[in-house]
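First up is the structure itself, then whatever we jot down about it.
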Amino acid sequence: MHRPARTRMLRLSAALALAVGGTIAAAGAAPPASASTSATVTVNANQALATLPTTGTGVNFAVYDGTLATPAVQSALSTGGYADGYHWQTNTEDGGGFVAPNTDFDHYMATVRGAGAQAIVTANYGSGTPQEAAAWVQYSNVTKGYGVKYWEIGNEQYGNGEYGAKWEGDNHASHSATTYATNLLQYISAMKAVDPTIKIGAVLTTPASWPDGIVGPGDTLVSTSSSTSLLSTHAVKRANGDVDVMLINKDPNNDASVSLSYNGFTPGSDTSTVYSYLKNGTSITSATNGTKVDIWSCNGQRNQQWTLNADGSVTGVQSGLCLDVSDLGTADGSLVQLWGCNGQSNQQWTLG
């Protein structure tokens, strides 16, 4: 059913914003900005761009689990595995990591076929080479005729220590994203020289977070538009009818005051959750409509920092939500809370 466009206001600081569950999410905050840019964003939930395929989700095959190649578990796979230290030709793991019997590549492909699944093979980026990966494609698709279409270069490369946490092996002198991208092209060139029909994926993730749960089978990318090139917009219509919106303020110095409207979707009125990735932040934080504002000992954190805007609203630096008096209250003791900015009088403040 087509629903009329609905409009909301929110303020984005110079960082990332995620809107979840059909409601608005504001961006992470930068230090108090010197100016604010006005922008209009429209989400057209009726105009589909693409639907996430079933190949967008799957399970891992771990070479240290000797039960995975058995018929009993071929329809119930749910494990983790090695990738960036695994050498397929010798079926070994760097550092003496345990590799169970009957978990070599041929047994893996037998399991894939037994489960009626489609293989996605991760080439060793951490300690491997483009030549090793190309030889794997040669063996798989030419020698054995397995016809593996989907390949990936490395696993969770953002965990190689470049950003603090280190759990993924990476023997390259540089662990930067630029180095990974440069080496990725070498892998792609060598592998596609063997079989130009294969599809090769790169490792990406959302800022300081895991990629899991962002989209799922049946979710549909829908059309969005922005009145300014400094505001990047993306939206997903969930299979359950919800709409998630991602807004990225690409201006490092100025906030953006955004009018967000929907076509073909009516957002909830009281369930807005704001996920913020702050400038120079290390994690994604969240705040929900109705979060109570407390008096607390000063600690210098961003949840105690506020911006007084030209329209009289006060927005939390961490949350991006407006300081709001509940139920338009004017009496002593009225609850003050965080709420999505809406321009109403209960969100207007003046300096005394």
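Just so we're on the same page: first chain in the structure tokens is A, next is B, and so on; residues restart at 1 for each chain, and ligands are numbered from 1 in the order they show up.
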
Compile a residue-level contact table for range 117-161 of chain A against range 191-207 of chain A at a cut-off of 10 Å, reporting for every qualifying residue the shortest atom pair and its distance in Å to one decimal, with only C-alpha atoms counted, rows ordered by chain and ascending number, as JSON lines.
```
{"residue": "A:Ile120", "atom": "CA", "partner": "A:Ile200", "partner_atom": "CA", "distance": 9.4}
{"residue": "A:Val121", "atom": "CA", "partner": "A:Ile200", "partner_atom": "CA", "distance": 9.5}
{"residue": "A:Thr122", "atom": "CA", "partner": "A:Gly201", "partner_atom": "CA", "distance": 9.0}
{"residue": "A:Ala123", "atom": "CA", "partner": "A:Ile200", "partner_atom": "CA", "distance": 9.9}
{"residue": "A:Pro130", "atom": "CA", "partner": "A:Met191", "partner_atom": "CA", "distance": 7.3}
{"residue": "A:Gln131", "atom": "CA", "partner": "A:Met191", "partner_atom": "CA", "distance": 7.9}
{"residue": "A:Glu132", "atom": "CA", "partner": "A:Met191", "partner_atom": "CA", "distance": 9.3}
{"residue": "A:Ala133", "atom": "CA", "partner": "A:Met191", "partner_atom": "CA", "distance": 6.5}
{"residue": "A:Ala134", "atom": "CA", "partner": "A:Met191", "partner_atom": "CA", "distance": 4.3}
{"residue": "A:Ala135", "atom": "CA", "partner": "A:Met191", "partner_atom": "CA", "distance": 7.9}
{"residue": "A:Trp136", "atom": "CA", "partner": "A:Met191", "partner_atom": "CA", "distance": 8.5}
{"residue": "A:Val137", "atom": "CA", "partner": "A:Met191", "partner_atom": "CA", "distance": 6.4}
{"residue": "A:Gln138", "atom": "CA", "partner": "A:Val194", "partner_atom": "CA", "distance": 6.1}
{"residue": "A:Tyr139", "atom": "CA", "partner": "A:Val194", "partner_atom": "CA", "distance": 9.9}
{"residue": "A:Asn141", "atom": "CA", "partner": "A:Asp195", "partner_atom": "CA", "distance": 7.6}
{"residue": "A:Val142", "atom": "CA", "partner": "A:Asp195", "partner_atom": "CA", "distance": 8.3}
{"residue": "A:Gly147", "atom": "CA", "partner": "A:Ile198", "partner_atom": "CA", "distance": 8.7}
{"residue": "A:Val148", "atom": "CA", "partner": "A:Ile198", "partner_atom": "CA", "distance": 7.4}
{"residue": "A:Lys149", "atom": "CA", "partner": "A:Ile198", "partner_atom": "CA", "distance": 4.7}
{"residue": "A:Tyr150", "atom": "CA", "partner": "A:Lys199", "partner_atom": "CA", "distance": 5.0}
{"residue": "A:Trp151", "atom": "CA", "partner": "A:Ile200", "partner_atom": "CA", "distance": 4.7}
{"residue": "A:Glu152", "atom": "CA", "partner": "A:Gly201", "partner_atom": "CA", "distance": 4.5}
{"residue": "A:Ile153", "atom": "CA", "partner": "A:Ala202", "partner_atom": "CA", "distance": 5.8}
{"residue": "A:Gly154", "atom": "CA", "partner": "A:Val203", "partner_atom": "CA", "distance": 6.8}
{"residue": "A:Asn155", "atom": "CA", "partner": "A:Val203", "partner_atom": "CA", "distance": 6.5}
{"residue": "A:Glu156", "atom": "CA", "partner": "A:Val203", "partner_atom": "CA", "distance": 6.4}
{"residue": "A:Gln157", "atom": "CA", "partner": "A:Val203", "partner_atom": "CA", "distance": 6.6}
{"residue": "A:Tyr158", "atom": "CA", "partner": "A:Thr205", "partner_atom": "CA", "distance": 7.8}
```

Skip Thr291 in chain A itself and residues of its chain fewer than 3 positions away, then list as a list in words all residues within 10 Å of it, counting only C-alpha atoms.
-> Thr273, Ala287, Thr288, Asp294, Leu321, Leu323, Asp324, Val336, Gln337, Leu338 and Trp339 of chain A

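For the choices A:Gln118, A:Ser297, A:Gln89, A:Ser232, the atom-to-atom distance to Asp251 in chain A is smallest for A:Ser232 when using only C-alpha atoms.
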
Out of range 62-261 of chain A, which residues get strand (DSSP E) from DSSP, as a PyMOL selection string?
-> chain A and resi 86-87+92-93+120-123+150-153+199-201+220-226+231-237+243-249+255-261

Would you pick out the contacts of Tyr82 in chain A at 12 Å or less, using only C-alpha atoms, so that residues sharing its chain but fewer than 6 positions from it are not included, and give the list as a tab-separated table (two decimals) with N, CA, C and O atoms, in the first residue's frame?
```tsv
chain	number	residue	atom	x	y	z
A	60	ASN	N	30.51	-21.23	7.76
A	60	ASN	CA	31.92	-21.49	7.52
A	60	ASN	C	32.26	-22.97	7.67
A	60	ASN	O	31.59	-23.70	8.40
A	61	PHE	N	33.32	-23.37	6.99
A	61	PHE	CA	33.83	-24.73	7.06
A	61	PHE	C	35.20	-24.65	7.73
A	61	PHE	O	36.12	-24.03	7.21
A	62	ALA	N	35.34	-25.27	8.90
A	62	ALA	CA	36.58	-25.20	9.67
A	62	ALA	C	37.42	-26.45	9.48
A	62	ALA	O	36.95	-27.56	9.72
A	63	VAL	N	38.68	-26.25	9.07
A	63	VAL	CA	39.53	-27.41	8.82
A	63	VAL	C	39.96	-28.10	10.11
A	63	VAL	O	40.54	-29.19	10.06
A	64	TYR	N	39.69	-27.49	11.27
A	64	TYR	CA	40.04	-28.17	12.52
A	64	TYR	C	38.88	-28.99	13.08
A	64	TYR	O	38.99	-29.59	14.14
A	65	ASP	N	37.76	-29.02	12.38
A	65	ASP	CA	36.60	-29.79	12.84
A	65	ASP	C	36.44	-31.02	11.94
A	65	ASP	O	35.98	-30.92	10.81
A	88	TRP	N	46.26	-24.47	1.17
A	88	TRP	CA	45.37	-25.51	0.65
A	88	TRP	C	46.13	-26.69	0.05
A	88	TRP	O	45.66	-27.83	0.11
A	91	ASN	N	47.28	-28.61	3.04
A	91	ASN	CA	46.24	-28.72	4.08
A	91	ASN	C	46.85	-28.51	5.46
A	91	ASN	O	46.65	-29.29	6.39
A	92	THR	N	47.61	-27.41	5.59
A	92	THR	CA	48.27	-27.08	6.85
A	92	THR	C	47.96	-25.65	7.24
A	92	THR	O	47.59	-24.81	6.40
A	93	GLU	N	48.14	-25.38	8.53
A	93	GLU	CA	47.91	-24.05	9.08
A	93	GLU	C	49.21	-23.53	9.68
A	93	GLU	O	49.94	-24.25	10.35
A	94	ASP	N	49.51	-22.24	9.43
A	94	ASP	CA	50.71	-21.63	10.00
A	94	ASP	C	50.73	-21.78	11.51
A	94	ASP	O	49.69	-21.73	12.17
A	95	GLY	N	51.93	-21.94	12.04
A	95	GLY	CA	52.09	-22.01	13.49
A	95	GLY	C	51.64	-23.32	14.09
A	95	GLY	O	51.48	-23.42	15.32
A	96	GLY	N	51.40	-24.32	13.26
A	96	GLY	CA	51.01	-25.62	13.78
A	96	GLY	C	49.58	-25.71	14.21
A	96	GLY	O	49.22	-26.60	15.01
A	97	GLY	N	48.73	-24.81	13.72
A	97	GLY	CA	47.31	-24.89	14.05
A	97	GLY	C	46.71	-26.23	13.66
A	97	GLY	O	47.09	-26.82	12.65
A	98	PHE	N	45.79	-26.71	14.47
A	98	PHE	CA	45.25	-28.04	14.27
A	98	PHE	C	44.40	-28.10	13.01
A	98	PHE	O	43.54	-27.25	12.77
A	99	VAL	N	44.65	-29.12	12.19
A	99	VAL	CA	43.85	-29.41	11.00
A	99	VAL	C	43.38	-30.86	11.12
A	99	VAL	O	44.20	-31.78	11.17
A	100	ALA	N	42.10	-31.05	11.17
A	100	ALA	CA	41.54	-32.38	11.37
A	100	ALA	C	41.66	-33.23	10.09
A	100	ALA	O	41.76	-32.68	8.98
A	103	THR	N	39.65	-32.92	6.00
A	103	THR	CA	39.13	-31.56	5.84
A	103	THR	C	39.86	-30.81	4.74
A	103	THR	O	39.82	-29.58	4.69
A	121	VAL	N	35.07	-19.70	-1.41
A	121	VAL	CA	36.39	-20.08	-0.93
A	121	VAL	C	37.20	-18.84	-0.58
A	121	VAL	O	37.29	-17.90	-1.39
A	122	THR	N	37.79	-18.83	0.61
A	122	THR	CA	38.62	-17.71	1.06
A	122	THR	C	40.08	-18.03	0.83
A	122	THR	O	40.63	-18.97	1.42
A	123	ALA	N	40.73	-17.24	-0.02
A	123	ALA	CA	42.15	-17.43	-0.28
A	123	ALA	C	42.97	-16.82	0.85
A	123	ALA	O	42.57	-15.85	1.49
A	124	ASN	N	44.11	-17.40	1.11
A	124	ASN	CA	45.00	-16.97	2.19
A	124	ASN	C	45.67	-15.65	1.82
A	124	ASN	O	46.58	-15.60	0.99
A	125	TYR	N	45.24	-14.58	2.46
A	125	TYR	CA	45.89	-13.28	2.26
A	125	TYR	C	46.99	-13.06	3.30
A	125	TYR	O	48.04	-12.49	2.98
A	126	GLY	N	46.77	-13.51	4.51
A	126	GLY	CA	47.69	-13.21	5.60
A	126	GLY	C	49.10	-13.70	5.37
A	126	GLY	O	50.07	-12.98	5.61
A	127	SER	N	49.25	-14.96	4.91
A	127	SER	CA	50.59	-15.51	4.67
A	127	SER	C	50.70	-16.16	3.30
A	127	SER	O	51.70	-16.80	3.01
A	154	GLY	N	41.24	-13.13	1.77
A	154	GLY	CA	41.45	-12.86	3.19
A	154	GLY	C	40.17	-12.89	4.00
A	154	GLY	O	39.06	-12.93	3.46
A	155	ASN	N	40.34	-12.88	5.31
A	155	ASN	CA	39.22	-12.96	6.24
A	155	ASN	C	39.42	-11.96	7.37
A	155	ASN	O	40.45	-11.97	8.03
A	156	GLU	N	38.46	-11.04	7.56
A	156	GLU	CA	38.49	-10.11	8.69
A	156	GLU	C	39.82	-9.37	8.78
A	156	GLU	O	40.44	-9.28	9.85
A	167	TRP	N	43.52	-10.18	15.88
A	167	TRP	CA	43.18	-11.60	15.97
A	167	TRP	C	43.42	-12.31	14.65
A	167	TRP	O	43.42	-13.51	14.58
A	168	GLU	N	43.65	-11.53	13.57
A	168	GLU	CA	43.80	-12.12	12.25
A	168	GLU	C	45.26	-12.02	11.81
A	168	GLU	O	45.90	-10.97	11.93
A	169	GLY	N	45.80	-13.15	11.30
A	169	GLY	CA	47.17	-13.16	10.85
A	169	GLY	C	47.38	-12.33	9.60
A	169	GLY	O	46.58	-12.37	8.66
```

Which neighbours of range 38-54 of chain A fall inside 6 Å, counting only C-alpha atoms, when residues of the same chain fewer than 6 positions from it are skipped, and could you give them as a list in words?
-> Pro217, Gly218, Asp219, Thr220, Leu221, Val222, Ser223, Thr224, Ser225, Ser226, Ser227, Ala256, Ser257, Val258, Ser259, Leu260, Ser261, Tyr262, Asn263 and Gly264 of chain A

Expressed in Å, the length from CA of Leu184 in chain A to CA of Leu230 in chain A is 28.7 Å

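The space separating CA of Ser313 in chain A from CA of Gln348 in chain A comes to 4.9 Å.
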
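Restricting the calculation to only C-alpha atoms, the smallest distance between Thr330 in chain A and any of A:Gln318, A:Gln304, A:Thr90, A:Gln347 is found for A:Gln347.
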
One decimal place gives the CA of Trp306 in chain A-CA of Ala331 in chain A separation as 23.4 Å

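These are the residues of range 119-288 of chain A assigned alpha helix (DSSP H) by DSSP from backbone coordinates: Pro130, Gln131, Glu132, Ala133, Ala134, Ala135, Trp136, Val137, Ala177, Thr178, Thr179, Tyr180, Ala181, Thr182, Asn183, Leu184, Leu185, Gln186, Tyr187, Ile188, Ser189, Ala190, Met191, Lys192, Ala193 and Val194 of chain A.
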
Only N, CA, C and O atoms, please: the residues just picked out, written as a short mmCIF file (atom, residue, chain, number, x, y, z; two decimals), in the first residue's frame.
```
data_model
loop_
_atom_site.label_atom_id
_atom_site.label_comp_id
_atom_site.auth_asym_id
_atom_site.auth_seq_id
_atom_site.Cartn_x
_atom_site.Cartn_y
_atom_site.Cartn_z
N PRO A 130 49.43 -14.30 -4.32
CA PRO A 130 48.53 -14.38 -5.47
C PRO A 130 48.73 -15.67 -6.27
O PRO A 130 47.77 -16.23 -6.81
N GLN A 131 49.97 -16.12 -6.33
CA GLN A 131 50.26 -17.33 -7.10
C GLN A 131 49.64 -18.56 -6.45
O GLN A 131 49.12 -19.46 -7.13
N GLU A 132 49.67 -18.63 -5.11
CA GLU A 132 49.05 -19.74 -4.40
C GLU A 132 47.55 -19.75 -4.65
O GLU A 132 46.94 -20.81 -4.87
N ALA A 133 46.94 -18.56 -4.63
CA ALA A 133 45.51 -18.46 -4.87
C ALA A 133 45.15 -18.84 -6.29
O ALA A 133 44.15 -19.53 -6.54
N ALA A 134 45.97 -18.41 -7.25
CA ALA A 134 45.71 -18.75 -8.65
C ALA A 134 45.82 -20.25 -8.88
O ALA A 134 45.05 -20.84 -9.65
N ALA A 135 46.77 -20.89 -8.21
CA ALA A 135 46.91 -22.34 -8.33
C ALA A 135 45.70 -23.05 -7.76
O ALA A 135 45.29 -24.12 -8.25
N TRP A 136 45.08 -22.47 -6.75
CA TRP A 136 43.87 -23.04 -6.16
C TRP A 136 42.72 -22.98 -7.17
O TRP A 136 41.97 -23.95 -7.33
N VAL A 137 42.59 -21.85 -7.84
CA VAL A 137 41.57 -21.73 -8.88
C VAL A 137 41.82 -22.75 -9.99
O VAL A 137 40.89 -23.40 -10.49
N ALA A 177 44.57 -0.41 5.05
CA ALA A 177 43.55 -0.72 4.04
C ALA A 177 44.08 -0.48 2.64
O ALA A 177 43.72 -1.20 1.70
N THR A 178 44.93 0.52 2.48
CA THR A 178 45.51 0.81 1.16
C THR A 178 46.38 -0.34 0.69
O THR A 178 46.34 -0.74 -0.48
N THR A 179 47.19 -0.90 1.60
CA THR A 179 48.03 -2.04 1.25
C THR A 179 47.18 -3.24 0.87
O THR A 179 47.47 -3.94 -0.12
N TYR A 180 46.13 -3.48 1.63
CA TYR A 180 45.23 -4.59 1.30
C TYR A 180 44.63 -4.40 -0.08
O TYR A 180 44.59 -5.35 -0.89
N ALA A 181 44.17 -3.20 -0.39
CA ALA A 181 43.55 -2.94 -1.69
C ALA A 181 44.55 -3.14 -2.83
O ALA A 181 44.20 -3.69 -3.89
N THR A 182 45.78 -2.68 -2.63
CA THR A 182 46.81 -2.84 -3.66
C THR A 182 47.11 -4.32 -3.91
O THR A 182 47.19 -4.77 -5.06
N ASN A 183 47.27 -5.08 -2.83
CA ASN A 183 47.54 -6.51 -2.97
C ASN A 183 46.33 -7.26 -3.52
O ASN A 183 46.48 -8.25 -4.26
N LEU A 184 45.15 -6.80 -3.17
CA LEU A 184 43.92 -7.41 -3.67
C LEU A 184 43.91 -7.43 -5.19
O LEU A 184 43.53 -8.44 -5.82
N LEU A 185 44.32 -6.34 -5.80
CA LEU A 185 44.34 -6.28 -7.27
C LEU A 185 45.29 -7.32 -7.86
O LEU A 185 45.01 -7.88 -8.93
N GLN A 186 46.39 -7.60 -7.17
CA GLN A 186 47.31 -8.62 -7.66
C GLN A 186 46.68 -10.01 -7.58
O GLN A 186 46.84 -10.83 -8.50
N TYR A 187 45.97 -10.26 -6.49
CA TYR A 187 45.25 -11.54 -6.36
C TYR A 187 44.22 -11.68 -7.48
O TYR A 187 44.13 -12.74 -8.13
N ILE A 188 43.45 -10.65 -7.68
CA ILE A 188 42.39 -10.70 -8.70
C ILE A 188 42.98 -10.97 -10.07
O ILE A 188 42.48 -11.80 -10.85
N SER A 189 44.05 -10.25 -10.40
CA SER A 189 44.68 -10.42 -11.72
C SER A 189 45.17 -11.85 -11.92
O SER A 189 44.94 -12.46 -12.98
N ALA A 190 45.83 -12.42 -10.92
CA ALA A 190 46.38 -13.78 -11.05
C ALA A 190 45.28 -14.81 -11.12
O ALA A 190 45.34 -15.75 -11.94
N MET A 191 44.24 -14.67 -10.33
CA MET A 191 43.17 -15.67 -10.27
C MET A 191 42.29 -15.62 -11.52
O MET A 191 41.92 -16.66 -12.08
N LYS A 192 41.98 -14.41 -11.99
CA LYS A 192 41.14 -14.29 -13.18
C LYS A 192 41.89 -14.67 -14.46
O LYS A 192 41.26 -14.97 -15.48
N ALA A 193 43.21 -14.65 -14.40
CA ALA A 193 43.98 -15.14 -15.55
C ALA A 193 43.75 -16.63 -15.75
O ALA A 193 43.84 -17.14 -16.88
N VAL A 194 43.43 -17.34 -14.69
CA VAL A 194 43.14 -18.77 -14.77
C VAL A 194 41.68 -19.00 -15.17
O VAL A 194 41.39 -19.81 -16.06
#
```

Which residue gives the smallest distance to Asp106 in chain A among A:Cys341, A:Leu308, A:Ala83, A:Ala119, with only C-alpha atoms counted?
-> A:Ala119
